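Shown here: model-v9.txt, compact mmCIF, C-alpha atoms and all ligand atoms.
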# COMPACT_ATOMS: atom_id res chain seq x y z
CA MET A 31 -2.12 -12.60 -30.68
CA MET A 32 1.64 -12.69 -31.13
CA GLU A 33 3.28 -13.17 -27.79
CA VAL A 34 6.03 -10.64 -27.29
CA LEU A 35 6.13 -10.93 -23.52
CA GLY A 36 5.45 -14.65 -23.19
CA ALA A 37 1.83 -14.11 -22.14
CA THR A 38 2.64 -11.81 -19.27
CA ASN A 39 2.80 -8.04 -18.74
CA VAL A 40 5.73 -5.71 -18.27
CA ILE A 41 5.27 -3.39 -15.31
CA LEU A 42 7.32 -0.23 -14.72
CA GLU A 43 7.79 0.93 -11.14
CA GLY A 44 9.90 3.73 -9.69
CA PHE A 45 9.83 7.08 -8.00
CA MET A 46 8.01 10.10 -9.40
CA GLY A 47 10.15 11.52 -12.20
CA SER A 48 11.93 8.24 -12.93
CA GLY A 49 10.49 8.29 -16.46
CA LYS A 50 7.93 5.49 -16.17
CA SER A 51 5.28 7.16 -18.34
CA THR A 52 7.63 8.24 -21.14
CA VAL A 53 9.55 4.98 -21.19
CA SER A 54 6.43 2.81 -21.12
CA GLU A 55 5.02 4.73 -24.09
CA LEU A 56 8.22 4.04 -26.01
CA ILE A 57 8.14 0.33 -25.15
CA SER A 58 4.50 0.05 -26.12
CA ASP A 59 5.19 1.79 -29.46
CA LYS A 60 8.26 -0.25 -30.27
CA LEU A 61 6.73 -3.63 -29.38
CA GLU A 62 3.18 -2.70 -30.44
CA LEU A 63 1.73 -3.55 -27.05
CA GLU A 64 -1.24 -2.11 -25.18
CA LEU A 65 -0.41 0.46 -22.52
CA ILE A 66 -2.01 1.25 -19.19
CA ASP A 67 -0.84 4.14 -17.02
CA THR A 68 -2.40 3.64 -13.57
CA ASP A 69 -2.49 7.39 -12.80
CA GLU A 70 -4.26 8.13 -16.08
CA ALA A 71 -6.66 5.19 -15.69
CA ILE A 72 -7.65 6.40 -12.21
CA GLU A 73 -8.06 10.02 -13.35
CA GLU A 74 -10.26 8.86 -16.22
CA ALA A 75 -12.38 6.56 -14.06
CA GLU A 76 -12.81 9.28 -11.41
CA GLY A 77 -13.15 12.24 -13.73
CA ARG A 78 -10.77 14.08 -11.39
CA LYS A 79 -7.08 14.94 -11.24
CA ILE A 80 -4.91 13.03 -8.76
CA SER A 81 -4.29 16.27 -6.85
CA GLU A 82 -8.08 16.62 -6.42
CA ILE A 83 -8.47 13.00 -5.27
CA PHE A 84 -5.76 13.55 -2.63
CA GLU A 85 -7.35 16.82 -1.51
CA GLN A 86 -10.93 15.60 -1.43
CA ASP A 87 -10.60 11.96 -0.36
CA GLY A 88 -7.06 11.61 1.01
CA GLU A 89 -4.12 9.37 0.14
CA GLU A 90 -5.61 6.12 1.50
CA ALA A 91 -8.62 6.42 -0.80
CA PHE A 92 -6.26 6.88 -3.75
CA ARG A 93 -4.28 3.78 -2.70
CA ASP A 94 -7.54 1.81 -2.59
CA MET A 95 -8.18 2.89 -6.17
CA GLU A 96 -4.71 1.64 -7.16
CA THR A 97 -5.39 -1.72 -5.48
CA GLY A 98 -8.75 -1.98 -7.28
CA LEU A 99 -7.09 -1.32 -10.60
CA MET A 100 -4.41 -3.99 -10.08
CA GLU A 101 -7.10 -6.47 -9.00
CA MET A 102 -8.86 -5.77 -12.27
CA VAL A 103 -5.65 -6.39 -14.26
CA ILE A 104 -5.43 -9.83 -12.64
CA SER A 105 -9.09 -10.77 -12.73
CA GLU A 106 -9.34 -9.92 -16.42
CA HIS A 107 -6.23 -12.04 -17.14
CA MET A 108 -4.74 -9.04 -18.86
CA ARG A 109 -1.52 -9.83 -20.71
CA GLU A 110 0.89 -8.52 -23.31
CA THR A 111 0.40 -5.07 -21.82
CA VAL A 112 2.85 -2.42 -20.63
CA ILE A 113 1.72 -1.09 -17.25
CA SER A 114 3.15 2.15 -15.89
CA LEU A 115 2.58 2.43 -12.13
CA GLY A 116 2.02 5.47 -9.97
CA GLY A 117 5.17 5.86 -7.89
CA GLY A 118 3.60 4.87 -4.57
CA LEU A 119 1.64 1.84 -5.72
CA PRO A 120 4.21 -0.79 -4.64
CA VAL A 121 4.41 0.67 -1.13
CA ARG A 122 1.31 -1.25 -0.04
CA GLU A 123 2.07 -4.90 0.68
CA LYS A 124 -1.20 -6.01 -0.88
CA ASN A 125 -0.26 -4.19 -4.07
CA ARG A 126 3.13 -5.88 -4.16
CA GLU A 127 1.42 -9.29 -4.03
CA LEU A 128 -0.79 -8.24 -6.92
CA LEU A 129 2.24 -7.01 -8.88
CA LYS A 130 3.96 -10.37 -8.52
CA ARG A 131 0.97 -12.04 -10.09
CA ALA A 132 0.50 -9.39 -12.77
CA GLY A 133 3.82 -9.57 -14.62
CA LYS A 134 7.50 -8.80 -14.86
CA VAL A 135 8.40 -5.78 -12.73
CA VAL A 136 11.07 -3.34 -13.95
CA TYR A 137 12.40 -0.76 -11.47
CA LEU A 138 13.56 2.53 -12.99
CA ARG A 139 16.08 3.61 -10.35
CA THR A 140 16.82 7.34 -10.29
CA SER A 141 18.83 9.52 -7.89
CA PRO A 142 17.05 12.22 -5.86
CA GLU A 143 19.02 14.94 -7.67
CA THR A 144 17.83 13.72 -11.07
CA VAL A 145 14.24 13.48 -9.84
CA TYR A 146 14.52 17.01 -8.49
CA ASP A 147 15.87 18.32 -11.80
CA ARG A 148 13.18 16.56 -13.84
CA LEU A 149 10.28 17.69 -11.65
CA LYS A 150 11.30 21.30 -10.92
CA GLY A 151 8.23 23.49 -11.33
CA ASP A 152 5.83 20.51 -11.51
CA ASP A 153 2.80 21.02 -9.30
CA THR A 154 0.89 17.83 -10.11
CA ARG A 155 2.45 15.69 -7.34
CA PRO A 156 0.75 16.34 -4.00
CA LEU A 157 3.36 14.33 -2.08
CA LEU A 158 6.18 16.63 -3.17
CA LYS A 159 4.61 19.89 -2.02
CA SER A 160 7.25 21.05 0.42
CA GLU A 161 9.43 23.99 1.45
CA ASN A 162 12.38 21.80 0.55
CA PRO A 163 11.42 19.43 -2.27
CA LEU A 164 14.89 17.86 -2.59
CA ALA A 165 14.88 16.86 1.09
CA ARG A 166 11.35 15.53 0.70
CA ILE A 167 12.39 13.47 -2.33
CA LYS A 168 15.35 12.04 -0.37
CA GLU A 169 13.17 11.21 2.60
CA LEU A 170 10.56 9.40 0.50
CA GLN A 171 13.22 7.58 -1.52
CA ASP A 172 14.86 6.38 1.71
CA GLU A 173 11.53 4.87 2.70
CA ARG A 174 10.89 3.31 -0.68
CA GLY A 175 14.24 2.32 -2.22
CA LYS A 176 14.36 -1.18 -0.68
CA ILE A 177 10.69 -1.77 -1.43
CA TYR A 178 11.19 -1.02 -5.11
CA GLU A 179 14.31 -3.18 -5.26
CA GLU A 180 12.65 -6.15 -3.62
CA ALA A 181 9.59 -5.95 -5.85
CA ALA A 182 11.71 -5.82 -9.02
CA ASP A 183 12.62 -8.58 -11.43
CA ILE A 184 14.85 -6.18 -13.37
CA ILE A 185 16.55 -2.95 -12.22
CA VAL A 186 17.57 -0.23 -14.68
CA ASP A 187 19.46 2.89 -13.58
CA THR A 188 18.17 5.92 -15.45
CA ASP A 189 20.53 8.74 -14.41
CA GLY A 190 22.21 10.29 -17.45
CA LYS A 191 20.23 8.14 -19.89
CA SER A 192 17.60 9.22 -22.40
CA PRO A 193 14.14 7.60 -22.27
CA GLU A 194 15.04 5.91 -25.57
CA GLU A 195 18.15 4.32 -24.04
CA VAL A 196 16.20 3.16 -21.00
CA ALA A 197 13.45 1.68 -23.18
CA ASN A 198 15.99 -0.20 -25.31
CA GLU A 199 17.71 -1.54 -22.22
CA ILE A 200 14.40 -2.87 -20.90
CA ILE A 201 13.46 -4.45 -24.23
CA ALA A 202 16.81 -6.23 -24.30
CA ALA A 203 16.28 -7.51 -20.75
CA ILE A 204 12.70 -8.78 -20.84
C1 LIG B 1 2.72 9.11 -6.22
C2 LIG B 1 3.15 9.16 -7.53
C3 LIG B 1 2.35 9.73 -8.63
C4 LIG B 1 0.87 9.63 -8.31
C5 LIG B 1 0.57 10.23 -6.96
C6 LIG B 1 1.37 9.56 -5.84
C7 LIG B 1 3.61 8.54 -5.18
O1 LIG B 1 2.62 9.04 -9.84
O2 LIG B 1 0.43 8.29 -8.36
O3 LIG B 1 0.87 11.59 -7.03
O4 LIG B 1 3.15 8.21 -4.08
O5 LIG B 1 4.83 8.38 -5.47
P1 LIG B 1 3.98 9.23 -10.72
O6 LIG B 1 5.01 8.33 -10.14
O7 LIG B 1 3.57 8.79 -12.09
O8 LIG B 1 4.34 10.66 -10.64
The structure in this file should be written as structure tokens.
Amino acid sequence: MMEVLGATNVILEGFMGSGKSTVSELISDKLELELIDTDEAIEEAEGRKISEIFEQDGEEAFRDMETGLMEMVISEHMRETVISLGGGLPVREKNRELLKRAGKVVYLRTSPETVYDRLKGDDTRPLLKSENPLARIKELQDERGKIYEEAADIIVDTDGKSPEEVANEIIAAI
């Protein structure tokens, strides 16, 4: 196998609506690398939507599934793969330890206003169901901003940039 990433993985973290899924698809296309989207992998394994998992089993059960998935990435010595994380995965300390061992972490940093604009009308994110979604986004980002920054090897600001620009910036930096 040709080593594009130096035998590691590139992992995209960031808040909901930061563009992780779109950008990781672009990176995987451009560099011809495998792609795993943790939300999609969990939905496939469970045969249920994330909103259903939250409703039926609760958030902690979903976080356990995320931990299990990252443990699998490490135990299978997965490499040369682009991994797009669910926005809350790095919040658990255990998951952050696993991330460190799993590859190079890129944080897609995005302002609450941009997140709000990108996700208006989206009803697939149980954590953003609120009378005032913008305030909810700000509150969650306040809790998570430092966590994302500390877990990151590379930080890319995405406000005002197209997914293509963000993908190119990451490719130049890894
Ligand atoms: C979550 C983000 C979602 C999904 C779940 C919880 C979070 O993924 O994993 O709804 O806690 O931020 P995206 O970041 O891909 O929307």
Please extract the residues at most 6 Å from ligand LIG 1 (chain B), counting all atoms listed in the file, and provide them as a list in words, using the chain letters and residue numbers of this document.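 These are the residues that qualify: Phe45, Met46, Asp69, Gly116, Gly117, Gly118, Arg155 and Pro156 of chain A.
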Nearest to Met102 in chain A among A:Asp153, A:Gly44, A:Ser81, A:Leu129, with distances taken over only C-alpha atoms: which residue is it?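 Ranking A:Asp153, A:Gly44, A:Ser81, A:Leu129 by distance to Met102 in chain A, first place goes to A:Leu129.
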Answer as number ranges by chain, residues within 10 Å of (-6.2, 7.7, -10.8) using all atoms listed in the file: A: 67-81, 83, 92-93, 95-96, 99, 116
When you draw a straight line from CA of Ala37 in chain A to CA of Glu110 in chain A, how long is it in Å?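 Answer for the CA of Ala37 in chain A to CA of Glu110 in chain A separation: 5.8 Å.
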Write out as a list in words the residues lying within 12 Å of range 61-64 of chain A, counting all atoms listed in the file and excluding same-chain residues fewer than 5 positions away.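 Contacts, with the query itself left out: Met31, Met32, Glu33, Val34, Leu35, Ala37, Thr38, Asn39, Val40, Ile41, Ser54, Glu55, Leu56, Met108, Arg109, Glu110, Thr111, Val112, Ile113, Ser114, Ala197, Asn198, Ile200, Ile201, Ala202 and Ile204 of chain A.
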Could you save those same residues with C-alpha atoms as a compact mmCIF listing (two decimals), keeping the file's coordinate frame?
# COMPACT_ATOMS: atom_id res chain seq x y z
CA MET A 31 -2.12 -12.60 -30.68
CA MET A 32 1.64 -12.69 -31.13
CA GLU A 33 3.28 -13.17 -27.79
CA VAL A 34 6.03 -10.64 -27.29
CA LEU A 35 6.13 -10.93 -23.52
CA ALA A 37 1.83 -14.11 -22.14
CA THR A 38 2.64 -11.81 -19.27
CA ASN A 39 2.80 -8.04 -18.74
CA VAL A 40 5.73 -5.71 -18.27
CA ILE A 41 5.27 -3.39 -15.31
CA SER A 54 6.43 2.81 -21.12
CA GLU A 55 5.02 4.73 -24.09
CA LEU A 56 8.22 4.04 -26.01
CA MET A 108 -4.74 -9.04 -18.86
CA ARG A 109 -1.52 -9.83 -20.71
CA GLU A 110 0.89 -8.52 -23.31
CA THR A 111 0.40 -5.07 -21.82
CA VAL A 112 2.85 -2.42 -20.63
CA ILE A 113 1.72 -1.09 -17.25
CA SER A 114 3.15 2.15 -15.89
CA ALA A 197 13.45 1.68 -23.18
CA ASN A 198 15.99 -0.20 -25.31
CA ILE A 200 14.40 -2.87 -20.90
CA ILE A 201 13.46 -4.45 -24.23
CA ALA A 202 16.81 -6.23 -24.30
CA ILE A 204 12.70 -8.78 -20.84
So that I can check the surroundings of Pro193 in chain A, please list as an MDAnalysis selection string every protein, DNA and RNA residue that reaches within 12 Å of it, counting all atoms listed in the file and ignoring chain neighbours fewer than 4 positions away. chainID A and resid 47:57 138 186:189 197:200
With N, CA and C atoms as the goal, would you fill in the gaps in range 82-109 of chain A and present it as a PDB file, in the frame of the given file?
ATOM      1  N   GLU A  82      -6.726  16.439  -6.990  1.00  0.00           N
ATOM      2  CA  GLU A  82      -8.080  16.620  -6.420  1.00  0.00           C
ATOM      3  C   GLU A  82      -8.481  15.408  -5.578  1.00  0.00           C
ATOM      4  N   ILE A  83      -8.133  14.215  -6.044  1.00  0.00           N
ATOM      5  CA  ILE A  83      -8.470  13.000  -5.270  1.00  0.00           C
ATOM      6  C   ILE A  83      -7.780  13.052  -3.906  1.00  0.00           C
ATOM      7  N   PHE A  84      -6.488  13.433  -3.909  1.00  0.00           N
ATOM      8  CA  PHE A  84      -5.760  13.550  -2.630  1.00  0.00           C
ATOM      9  C   PHE A  84      -6.424  14.586  -1.725  1.00  0.00           C
ATOM     10  N   GLU A  85      -6.758  15.733  -2.313  1.00  0.00           N
ATOM     11  CA  GLU A  85      -7.350  16.820  -1.510  1.00  0.00           C
ATOM     12  C   GLU A  85      -8.710  16.452  -0.959  1.00  0.00           C
ATOM     13  N   GLN A  86      -9.532  15.847  -1.805  1.00  0.00           N
ATOM     14  CA  GLN A  86     -10.930  15.600  -1.430  1.00  0.00           C
ATOM     15  C   GLN A  86     -11.115  14.323  -0.618  1.00  0.00           C
ATOM     16  N   ASP A  87     -10.366  13.270  -0.981  1.00  0.00           N
ATOM     17  CA  ASP A  87     -10.600  11.960  -0.360  1.00  0.00           C
ATOM     18  C   ASP A  87      -9.422  11.455   0.475  1.00  0.00           C
ATOM     19  N   GLY A  88      -8.239  12.039   0.257  1.00  0.00           N
ATOM     20  CA  GLY A  88      -7.060  11.610   1.010  1.00  0.00           C
ATOM     21  C   GLY A  88      -6.278  10.513   0.309  1.00  0.00           C
ATOM     22  N   GLU A  89      -5.031  10.317   0.797  1.00  0.00           N
ATOM     23  CA  GLU A  89      -4.120   9.370   0.140  1.00  0.00           C
ATOM     24  C   GLU A  89      -4.627   7.926   0.209  1.00  0.00           C
ATOM     25  N   GLU A  90      -5.177   7.520   1.364  1.00  0.00           N
ATOM     26  CA  GLU A  90      -5.610   6.120   1.500  1.00  0.00           C
ATOM     27  C   GLU A  90      -6.662   5.753   0.446  1.00  0.00           C
ATOM     28  N   ALA A  91      -7.578   6.683   0.196  1.00  0.00           N
ATOM     29  CA  ALA A  91      -8.620   6.420  -0.800  1.00  0.00           C
ATOM     30  C   ALA A  91      -7.984   6.234  -2.182  1.00  0.00           C
ATOM     31  N   PHE A  92      -6.960   7.028  -2.471  1.00  0.00           N
ATOM     32  CA  PHE A  92      -6.260   6.880  -3.750  1.00  0.00           C
ATOM     33  C   PHE A  92      -5.569   5.521  -3.826  1.00  0.00           C
ATOM     34  N   ARG A  93      -4.941   5.096  -2.712  1.00  0.00           N
ATOM     35  CA  ARG A  93      -4.280   3.780  -2.700  1.00  0.00           C
ATOM     36  C   ARG A  93      -5.290   2.662  -2.912  1.00  0.00           C
ATOM     37  N   ASP A  94      -6.493   2.816  -2.364  1.00  0.00           N
ATOM     38  CA  ASP A  94      -7.540   1.810  -2.590  1.00  0.00           C
ATOM     39  C   ASP A  94      -7.878   1.725  -4.084  1.00  0.00           C
ATOM     40  N   MET A  95      -7.887   2.881  -4.728  1.00  0.00           N
ATOM     41  CA  MET A  95      -8.180   2.890  -6.170  1.00  0.00           C
ATOM     42  C   MET A  95      -7.084   2.147  -6.933  1.00  0.00           C
ATOM     43  N   GLU A  96      -5.826   2.342  -6.501  1.00  0.00           N
ATOM     44  CA  GLU A  96      -4.710   1.640  -7.160  1.00  0.00           C
ATOM     45  C   GLU A  96      -4.856   0.127  -6.973  1.00  0.00           C
ATOM     46  N   THR A  97      -5.217  -0.284  -5.748  1.00  0.00           N
ATOM     47  CA  THR A  97      -5.390  -1.720  -5.480  1.00  0.00           C
ATOM     48  C   THR A  97      -6.514  -2.269  -6.364  1.00  0.00           C
ATOM     49  N   GLY A  98      -7.618  -1.542  -6.451  1.00  0.00           N
ATOM     50  CA  GLY A  98      -8.750  -1.980  -7.280  1.00  0.00           C
ATOM     51  C   GLY A  98      -8.342  -2.155  -8.736  1.00  0.00           C
ATOM     52  N   LEU A  99      -7.531  -1.247  -9.209  1.00  0.00           N
ATOM     53  CA  LEU A  99      -7.090  -1.320 -10.600  1.00  0.00           C
ATOM     54  C   LEU A  99      -6.202  -2.547 -10.829  1.00  0.00           C
ATOM     55  N   MET A 100      -5.279  -2.816  -9.916  1.00  0.00           N
ATOM     56  CA  MET A 100      -4.410  -3.990 -10.080  1.00  0.00           C
ATOM     57  C   MET A 100      -5.221  -5.276  -9.951  1.00  0.00           C
ATOM     58  N   GLU A 101      -6.236  -5.279  -9.100  1.00  0.00           N
ATOM     59  CA  GLU A 101      -7.100  -6.470  -9.000  1.00  0.00           C
ATOM     60  C   GLU A 101      -7.813  -6.717 -10.323  1.00  0.00           C
ATOM     61  N   MET A 102      -8.198  -5.624 -10.973  1.00  0.00           N
ATOM     62  CA  MET A 102      -8.860  -5.770 -12.270  1.00  0.00           C
ATOM     63  C   MET A 102      -7.900  -6.346 -13.317  1.00  0.00           C
ATOM     64  N   VAL A 103      -6.662  -5.876 -13.311  1.00  0.00           N
ATOM     65  CA  VAL A 103      -5.650  -6.390 -14.260  1.00  0.00           C
ATOM     66  C   VAL A 103      -5.558  -7.912 -14.126  1.00  0.00           C
ATOM     67  N   ILE A 104      -5.568  -8.388 -12.873  1.00  0.00           N
ATOM     68  CA  ILE A 104      -5.430  -9.830 -12.640  1.00  0.00           C
ATOM     69  C   ILE A 104      -6.722 -10.570 -12.962  1.00  0.00           C
ATOM     70  N   SER A 105      -7.840 -10.029 -12.526  1.00  0.00           N
ATOM     71  CA  SER A 105      -9.090 -10.770 -12.730  1.00  0.00           C
ATOM     72  C   SER A 105      -9.468 -10.844 -14.203  1.00  0.00           C
ATOM     73  N   GLU A 106      -9.034  -9.865 -14.975  1.00  0.00           N
ATOM     74  CA  GLU A 106      -9.340  -9.920 -16.420  1.00  0.00           C
ATOM     75  C   GLU A 106      -8.281 -10.687 -17.207  1.00  0.00           C
ATOM     76  N   HIS A 107      -7.324 -11.288 -16.491  1.00  0.00           N
ATOM     77  CA  HIS A 107      -6.230 -12.040 -17.140  1.00  0.00           C
ATOM     78  C   HIS A 107      -5.565 -11.198 -18.225  1.00  0.00           C
ATOM     79  N   MET A 108      -5.379  -9.946 -17.900  1.00  0.00           N
ATOM     80  CA  MET A 108      -4.740  -9.040 -18.860  1.00  0.00           C
ATOM     81  C   MET A 108      -3.325  -9.538 -19.146  1.00  0.00           C
ATOM     82  N   ARG A 109      -2.901  -9.459 -20.390  1.00  0.00           N
ATOM     83  CA  ARG A 109      -1.520  -9.830 -20.710  1.00  0.00           C
ATOM     84  C   ARG A 109      -1.038  -9.093 -21.942  1.00  0.00           C
TER      85      ARG A 109
END
